[in-house]
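Let me begin by presenting the structure, written as structure tokens, before commenting on it.
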Amino acid sequence: GAEGHDDDRVFSALAQAAKTFGVDSPRALIFALRTVRALASGRRGLRATSDDIATAARLILAPRATQAPGSHRDRTPERDTDQTADQSE
């Protein structure tokens, strides 16, 4: 029904946010989706709003970020650390 369609829309938005933040954890996406549902339910909303999605991304995904939004880094944090150590020798 409409709820399943809304979950697809919300999950897609959260998945994009996770990718932007460099979050690879499926559990983080599940927690974020549950947070969106709780926020919508708390205001007796039938559908999640973009504010609900943004709040969940800020609360759940942002603290797990491995990259800043807008950074297009191909390096992993481990590689960055190794390069820094090599330069200091």
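Naming works like this for the structure tokens: A, B, ... for the chains as they're shown, residue 1 at the start of each chain, ligands 1 onward in shown order.
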### Distance query Thr55 in chain A at most 9 Å, only C-alpha atoms, self and fewer than 3 positions along chain excluded, as a ChimeraX atom specification
/A:35-36,39,50-52,58-60
- Task: For Gly22 in chain A, list every protein, DNA or RNA residue within 6 Å, evaluated using only C-alpha atoms, and leave out those in the same chain fewer than 5 positions away; present the list as a PyMOL selection string.
- Result: chain A and resi 65-67
Closest of A:Ser71, A:Arg64, A:Gly42, A:Ala56 to Ser25 in chain A, counting only C-alpha atoms, is A:Arg64
Item checked: All alpha helix (DSSP H) positions in range 13-57 of chain A, as a PyMOL selection string -> chain A and resi 13-21+26-42+50-56
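Pairwise distance (CA of Arg9 in chain A, CA of Ala40 in chain A) equals 14.0 Å.
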Could you pull the residues within 9 Å of Ala28 in chain A, counting only C-alpha atoms, minus those fewer than 4 positions along the same chain, as a PDB file with N, CA and C atoms, in the first residue's frame?
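Contents of around.pdb, as written:
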```
ATOM      1  N   ALA A  18      23.346   8.269   3.168  1.00  0.00           N
ATOM      2  CA  ALA A  18      24.410   7.399   3.684  1.00  0.00           C
ATOM      3  C   ALA A  18      25.598   7.380   2.734  1.00  0.00           C
ATOM      4  N   VAL A  23      28.730   6.251   4.718  1.00  0.00           N
ATOM      5  CA  VAL A  23      28.283   5.267   5.708  1.00  0.00           C
ATOM      6  C   VAL A  23      27.887   3.990   4.960  1.00  0.00           C
ATOM      7  N   ASP A  24      28.595   2.892   5.247  1.00  0.00           N
ATOM      8  CA  ASP A  24      28.345   1.623   4.560  1.00  0.00           C
ATOM      9  C   ASP A  24      27.508   0.641   5.383  1.00  0.00           C
ATOM     10  N   ALA A  32      18.062   4.590  10.877  1.00  0.00           N
ATOM     11  CA  ALA A  32      17.583   5.864  10.330  1.00  0.00           C
ATOM     12  C   ALA A  32      16.133   5.739   9.852  1.00  0.00           C
ATOM     13  N   LEU A  33      15.796   4.635   9.206  1.00  0.00           N
ATOM     14  CA  LEU A  33      14.422   4.415   8.749  1.00  0.00           C
ATOM     15  C   LEU A  33      13.470   4.344   9.945  1.00  0.00           C
ATOM     16  N   ILE A  60      21.364  10.031  12.954  1.00  0.00           N
ATOM     17  CA  ILE A  60      21.823   8.646  12.839  1.00  0.00           C
ATOM     18  C   ILE A  60      23.008   8.496  11.888  1.00  0.00           C
ATOM     19  N   LEU A  61      22.938   9.128  10.734  1.00  0.00           N
ATOM     20  CA  LEU A  61      23.986   8.914   9.728  1.00  0.00           C
ATOM     21  C   LEU A  61      25.189   9.831   9.911  1.00  0.00           C
ATOM     22  N   ARG A  64      28.111   8.813  12.046  1.00  0.00           N
ATOM     23  CA  ARG A  64      28.843   7.657  11.529  1.00  0.00           C
ATOM     24  C   ARG A  64      29.611   7.993  10.244  1.00  0.00           C
TER      25      ARG A  64
END
```
